[in-house]
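Before any comments, here is the structure.
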Amino acid sequence: MSYVRTLFLSTLLGFAACGAAYAETIAIIGTGQVANALGPMFAEQGHTIIYGSRNPARDTVRELIARTGAGASAAQPAEAVARAEVVMVAVPWDALPDVVRSLGDLTGKIVIDPTNPRIVGDDGLRDWAHDTSNAEILQELAPGARVVKALNTMNWRTMVDPMATGGPVSVPVVGDDEQAKAFVVELIDAIGLEPIDLGPLRYARMVEGMYILWGNANTLERGFNYYLRPAP
Ligand SMILES: NC(=O)c1ccc[n+]([C@@H]2O[C@H](COP(=O)([O-])OP(=O)(O)OC[C@H]3O[C@@H](n4cnc5c(N)ncnc54)[C@H](OP(=O)(O)O)[C@@H]3O)[C@@H](O)[C@H]2O)c1
């Protein structure tokens, strides 16, 4: 990572330039599809990845660490969080409250929420799981965290290879902490997706709703990708 880029990211994170290496450690909680897609890509951008797993010694976790390279490691979730300034909670949507409670103090940390709350009705279509959003529930559970909703609006395959969809793919990003959001925008831009800052965290419910529409379109065999173009 160049000095200029390092300086930029450390400034966004609120650290002095000399603390940049510390600021670039990202704890990804969970070792499923999203962690497997994003962990290696973030590592390619110069970040140090530490996976938070309930079983960090499992063979699949070891394989993920090896594929990630660049000094990646794994630990129990709370330990991974303690060693990082940026945290992604890539866990099942309904496990998120219990997981967040188990992570220890998230105060001051950027916490990226890619989860997709939904229930599935008798007709097979997804619907709202609750009246608020997972991101706002996360923020209530960890008031000092710098929560950013992002990366929930596409399949992991699209994260890895967005151009395979036939064109650019937008990534809605919302959050109340402008510096945290700017860091996440930079992180997403660096892996070849097109982040769009869509405002405060109260809009997370709309962003989570995009997955509901997108997923239902697939169920109805009318699958689509989208690109939010800047207004002229
Ligand atoms: N799959 C996609 O394409 C995609 C795309 C965008 C967003 N998302 C969202 O991102 C989140 C992660 O998706 P994913 O597909 O990576 O999920 P996944 O493959 O099911 O993996 C979730 C990981 O969370 C950890 N975990 C912690 N607590 C858990 C619990 N109580 N039960 C099960 N696993 C638990 C597990 O890691 P350890 O066993 O190592 O602890 C597991 O590997 C979900 O909320 C999903 O809605 C998924």
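Chains: A, B, ... in order of the structure tokens. Residues: from 1 per chain. Ligands: from 1, in order shown.
Near Glu194 (chain A), within 10 Å and counting only C-alpha atoms, sit Pro162, Pro168, Val169, Ser170, Val171, Pro172, Val185, Glu186, Ile188, Asp189, Ala190, Ile191, Tyr227, Leu228 and Arg229 of chain A; same-chain residues fewer than 3 positions away were not included.
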Members of region 3-206 of chain A assigned strand (DSSP E or B) by DSSP, as a ChimeraX atom specification: /A:25-29,48-52,73-75,86-89,110-113,119-120,126-127,146-149,170-175,194-197
Contacts of ligand 1, 8 Å or closer, only C-alpha atoms and all ligand atoms, given as a PyMOL selection string: chain A and resi 29-36+51-56+58+61+77+89-96+98-99+113-117+151-157
Looking only at helix (DSSP H, G or I) from DSSP on the backbone, list the matching residues of region 14-179 of chain A as a CSV table (one decimal) with N, CA and C atoms, in the first residue's frame.
chain,number,residue,atom,x,y,z
A,17,ALA,N,-0.6,9.1,11.1
A,17,ALA,CA,-0.1,8.3,10.1
A,17,ALA,C,0.8,7.1,10.6
A,18,CYS,N,1.5,7.4,11.7
A,18,CYS,CA,2.3,6.3,12.2
A,18,CYS,C,1.5,5.1,12.7
A,19,GLY,N,0.2,5.3,12.9
A,19,GLY,CA,-0.6,4.2,13.4
A,19,GLY,C,-1.3,3.4,12.3
A,20,ALA,N,-0.9,3.7,11.0
A,20,ALA,CA,-1.7,3.1,9.9
A,20,ALA,C,-1.7,1.6,9.9
A,21,ALA,N,-0.6,0.9,10.2
A,21,ALA,CA,-0.6,-0.5,10.1
A,21,ALA,C,-1.7,-1.1,11.1
A,22,TYR,N,-1.8,-0.5,12.2
A,22,TYR,CA,-2.8,-0.9,13.2
A,22,TYR,C,-4.2,-0.8,12.6
A,23,ALA,N,-4.4,0.4,11.9
A,23,ALA,CA,-5.8,0.7,11.4
A,23,ALA,C,-6.2,-0.2,10.3
A,33,GLN,N,-19.4,-18.0,3.1
A,33,GLN,CA,-19.3,-17.5,1.8
A,33,GLN,C,-18.8,-16.1,1.6
A,34,VAL,N,-19.3,-15.2,2.5
A,34,VAL,CA,-18.9,-13.8,2.4
A,34,VAL,C,-17.5,-13.6,2.8
A,35,ALA,N,-17.1,-14.3,3.9
A,35,ALA,CA,-15.7,-14.2,4.4
A,35,ALA,C,-14.8,-14.7,3.3
A,36,ASN,N,-15.1,-15.9,2.7
A,36,ASN,CA,-14.3,-16.5,1.7
A,36,ASN,C,-14.2,-15.6,0.4
A,37,ALA,N,-15.2,-14.8,0.1
A,37,ALA,CA,-15.1,-13.9,-1.0
A,37,ALA,C,-14.3,-12.7,-0.7
A,38,LEU,N,-14.6,-12.0,0.4
A,38,LEU,CA,-14.0,-10.7,0.7
A,38,LEU,C,-12.7,-10.7,1.4
A,39,GLY,N,-12.5,-11.7,2.2
A,39,GLY,CA,-11.2,-11.8,3.0
A,39,GLY,C,-10.0,-11.7,2.0
A,40,PRO,N,-9.9,-12.6,1.1
A,40,PRO,CA,-8.7,-12.6,0.2
A,40,PRO,C,-8.6,-11.3,-0.6
A,41,MET,N,-9.8,-10.7,-1.0
A,41,MET,CA,-9.8,-9.5,-1.8
A,41,MET,C,-9.3,-8.3,-1.0
A,42,PHE,N,-9.7,-8.2,0.3
A,42,PHE,CA,-9.2,-7.2,1.2
A,42,PHE,C,-7.7,-7.3,1.4
A,43,ALA,N,-7.3,-8.6,1.6
A,43,ALA,CA,-5.9,-8.8,1.8
A,43,ALA,C,-5.0,-8.4,0.6
A,44,GLU,N,-5.6,-8.6,-0.6
A,44,GLU,CA,-4.9,-8.2,-1.8
A,44,GLU,C,-4.7,-6.7,-1.8
A,59,ASP,N,-10.3,-27.3,9.6
A,59,ASP,CA,-9.5,-27.4,8.3
A,59,ASP,C,-10.0,-26.3,7.3
A,60,THR,N,-11.3,-26.0,7.2
A,60,THR,CA,-11.8,-25.0,6.3
A,60,THR,C,-11.2,-23.6,6.6
A,61,VAL,N,-11.1,-23.4,7.9
A,61,VAL,CA,-10.6,-22.1,8.3
A,61,VAL,C,-9.1,-22.0,7.9
A,62,ARG,N,-8.4,-23.1,8.2
A,62,ARG,CA,-6.9,-23.1,7.8
A,62,ARG,C,-6.7,-22.9,6.3
A,63,GLU,N,-7.6,-23.5,5.5
A,63,GLU,CA,-7.5,-23.3,4.1
A,63,GLU,C,-7.8,-21.9,3.7
A,64,LEU,N,-8.8,-21.3,4.3
A,64,LEU,CA,-9.1,-19.9,4.0
A,64,LEU,C,-7.9,-19.0,4.4
A,65,ILE,N,-7.3,-19.2,5.5
A,65,ILE,CA,-6.1,-18.4,5.9
A,65,ILE,C,-5.0,-18.6,4.9
A,66,ALA,N,-4.8,-19.8,4.4
A,66,ALA,CA,-3.7,-20.0,3.4
A,66,ALA,C,-4.1,-19.3,2.1
A,67,ARG,N,-5.3,-19.4,1.7
A,67,ARG,CA,-5.7,-18.7,0.5
A,67,ARG,C,-5.6,-17.2,0.6
A,68,THR,N,-5.9,-16.7,1.8
A,68,THR,CA,-5.8,-15.2,2.0
A,68,THR,C,-4.4,-14.7,2.0
A,77,PRO,N,-13.9,-15.1,17.9
A,77,PRO,CA,-14.4,-13.8,17.5
A,77,PRO,C,-14.0,-12.6,18.4
A,78,ALA,N,-14.1,-12.8,19.7
A,78,ALA,CA,-13.8,-11.6,20.6
A,78,ALA,C,-12.3,-11.3,20.5
A,79,GLU,N,-11.5,-12.3,20.3
A,79,GLU,CA,-10.0,-12.0,20.2
A,79,GLU,C,-9.7,-11.3,18.9
A,80,ALA,N,-10.4,-11.8,17.8
A,80,ALA,CA,-10.1,-11.2,16.5
A,80,ALA,C,-10.5,-9.7,16.6
A,81,VAL,N,-11.7,-9.4,17.2
A,81,VAL,CA,-12.1,-8.0,17.3
A,81,VAL,C,-11.1,-7.2,18.1
A,82,ALA,N,-10.6,-7.7,19.2
A,82,ALA,CA,-9.7,-7.0,20.1
A,82,ALA,C,-8.5,-6.5,19.3
A,93,TRP,N,-28.0,-13.7,9.6
A,93,TRP,CA,-28.7,-12.5,10.0
A,93,TRP,C,-29.3,-12.7,11.4
A,94,ASP,N,-29.9,-13.9,11.7
A,94,ASP,CA,-30.6,-14.0,12.9
A,94,ASP,C,-29.6,-14.4,14.1
A,95,ALA,N,-28.4,-14.6,13.8
A,95,ALA,CA,-27.4,-14.9,14.8
A,95,ALA,C,-26.7,-13.6,15.2
A,96,LEU,N,-26.9,-12.5,14.5
A,96,LEU,CA,-26.2,-11.2,14.7
A,96,LEU,C,-26.3,-10.7,16.1
A,97,PRO,N,-27.5,-10.6,16.7
A,97,PRO,CA,-27.5,-10.0,18.1
A,97,PRO,C,-26.6,-10.8,19.1
A,98,ASP,N,-26.7,-12.2,19.1
A,98,ASP,CA,-25.9,-13.0,20.0
A,98,ASP,C,-24.4,-12.8,19.7
A,99,VAL,N,-24.1,-12.8,18.4
A,99,VAL,CA,-22.7,-12.6,18.0
A,99,VAL,C,-22.2,-11.3,18.5
A,100,VAL,N,-22.9,-10.2,18.2
A,100,VAL,CA,-22.5,-8.9,18.6
A,100,VAL,C,-22.3,-8.8,20.2
A,101,ARG,N,-23.2,-9.4,20.9
A,101,ARG,CA,-23.0,-9.4,22.4
A,101,ARG,C,-21.8,-10.1,22.8
A,134,ASN,N,-31.3,-4.7,10.7
A,134,ASN,CA,-30.2,-5.4,11.5
A,134,ASN,C,-29.1,-4.4,11.8
A,135,ALA,N,-28.9,-3.5,10.9
A,135,ALA,CA,-27.8,-2.5,11.2
A,135,ALA,C,-28.1,-1.6,12.4
A,136,GLU,N,-29.4,-1.2,12.5
A,136,GLU,CA,-29.8,-0.4,13.6
A,136,GLU,C,-29.9,-1.2,14.9
A,137,ILE,N,-30.2,-2.4,14.8
A,137,ILE,CA,-30.2,-3.3,16.0
A,137,ILE,C,-28.8,-3.5,16.5
A,138,LEU,N,-27.9,-3.7,15.5
A,138,LEU,CA,-26.4,-3.7,15.9
A,138,LEU,C,-26.0,-2.4,16.6
A,139,GLN,N,-26.4,-1.3,16.0
A,139,GLN,CA,-26.0,0.0,16.6
A,139,GLN,C,-26.5,0.2,18.0
A,140,GLU,N,-27.7,-0.3,18.3
A,140,GLU,CA,-28.3,-0.2,19.6
A,140,GLU,C,-27.6,-1.1,20.6
A,141,LEU,N,-27.1,-2.3,20.1
A,141,LEU,CA,-26.4,-3.2,21.0
A,141,LEU,C,-25.0,-2.7,21.2
A,156,TRP,N,-22.2,-13.4,-3.3
A,156,TRP,CA,-20.8,-13.5,-3.2
A,156,TRP,C,-20.1,-13.6,-4.5
A,157,ARG,N,-20.7,-14.3,-5.4
A,157,ARG,CA,-20.0,-14.5,-6.7
A,157,ARG,C,-19.9,-13.1,-7.4
A,158,THR,N,-20.8,-12.3,-7.3
A,158,THR,CA,-20.7,-10.9,-7.9
A,158,THR,C,-19.7,-10.1,-7.2
A,159,MET,N,-19.5,-10.3,-5.9
A,159,MET,CA,-18.4,-9.6,-5.2
A,159,MET,C,-17.1,-9.9,-5.8
A,160,VAL,N,-16.9,-11.2,-6.1
A,160,VAL,CA,-15.6,-11.7,-6.6
A,160,VAL,C,-15.4,-11.3,-8.0
A,162,PRO,N,-17.5,-8.9,-10.4
A,162,PRO,CA,-18.7,-8.0,-10.7
A,162,PRO,C,-18.9,-7.9,-12.2
A,163,MET,N,-17.9,-7.9,-13.0
A,163,MET,CA,-18.1,-7.7,-14.4
A,163,MET,C,-18.7,-8.9,-15.1
A,164,ALA,N,-18.7,-10.1,-14.4
A,164,ALA,CA,-19.4,-11.3,-15.0
A,164,ALA,C,-20.9,-11.0,-15.1
A,165,THR,N,-21.4,-10.0,-14.4
A,165,THR,CA,-22.8,-9.7,-14.5
A,165,THR,C,-23.2,-8.9,-15.7
A,178,GLU,N,-19.5,9.7,9.3
A,178,GLU,CA,-19.0,10.0,7.9
A,178,GLU,C,-17.6,9.4,7.6
A,179,GLN,N,-16.7,9.5,8.6
A,179,GLN,CA,-15.3,9.0,8.4
A,179,GLN,C,-15.4,7.4,8.2
Close residues, Val120 (chain A) itself excluded, 12 Å, only C-alpha atoms, min 6 positions apart in chain, as a PyMOL selection string: chain A and resi 126-129+212+215-216+219
Spatial neighbours of Lys109 (chain A), 10 Å, only C-alpha atoms, chain gap at least 6 places, as a VMD selection string: chain A and resid 13 23 81 to 82 84 to 87 144 to 147 180
Could you dump the residues just selected with C-alpha atoms as a PDB file, in the first residue's frame?
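In the end it all went to selection_23.pdb:
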ATOM      1  CA  LEU A  13      -9.875   6.263  10.595  1.00  0.00           C
ATOM      2  CA  ALA A  23      -5.759   0.711  11.410  1.00  0.00           C
ATOM      3  CA  VAL A  81     -12.117  -8.006  17.314  1.00  0.00           C
ATOM      4  CA  ALA A  82      -9.718  -6.956  20.065  1.00  0.00           C
ATOM      5  CA  ALA A  84      -8.680  -4.997  14.789  1.00  0.00           C
ATOM      6  CA  GLU A  85     -10.020  -1.503  14.228  1.00  0.00           C
ATOM      7  CA  VAL A  86     -12.369  -2.621  11.445  1.00  0.00           C
ATOM      8  CA  VAL A  87     -14.837  -5.480  11.930  1.00  0.00           C
ATOM      9  CA  GLY A 144     -20.074   3.245  20.515  1.00  0.00           C
ATOM     10  CA  ALA A 145     -19.495   1.294  17.285  1.00  0.00           C
ATOM     11  CA  ARG A 146     -19.201   3.131  13.959  1.00  0.00           C
ATOM     12  CA  VAL A 147     -21.740   0.970  12.106  1.00  0.00           C
ATOM     13  CA  ALA A 180     -16.278   5.319   8.888  1.00  0.00           C
TER      14      ALA A 180
END
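What separates CA of Glu208 (chain A) from CA of Phe224 (chain A) is a distance of 16.3 Å.
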Between CA of Leu201 (chain A) and CA of Val148 (chain A), distance in Å (one decimal): 7.1 Å
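Of note, CA of Ile50 (chain A) and CA of Leu187 (chain A) are spaced 16.2 Å apart.
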Ile49 (chain A) environment, 6 Å, only C-alpha atoms, sequence neighbours closer than 6 positions dropped, as a VMD selection string: chain A and resid 25 to 27 72
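Considering the residues A:Ile28, A:Gly121, A:Ala142, A:Gly69 and counting only C-alpha atoms, Gly46 (chain A) has its shortest atom-to-atom contact with A:Gly69.
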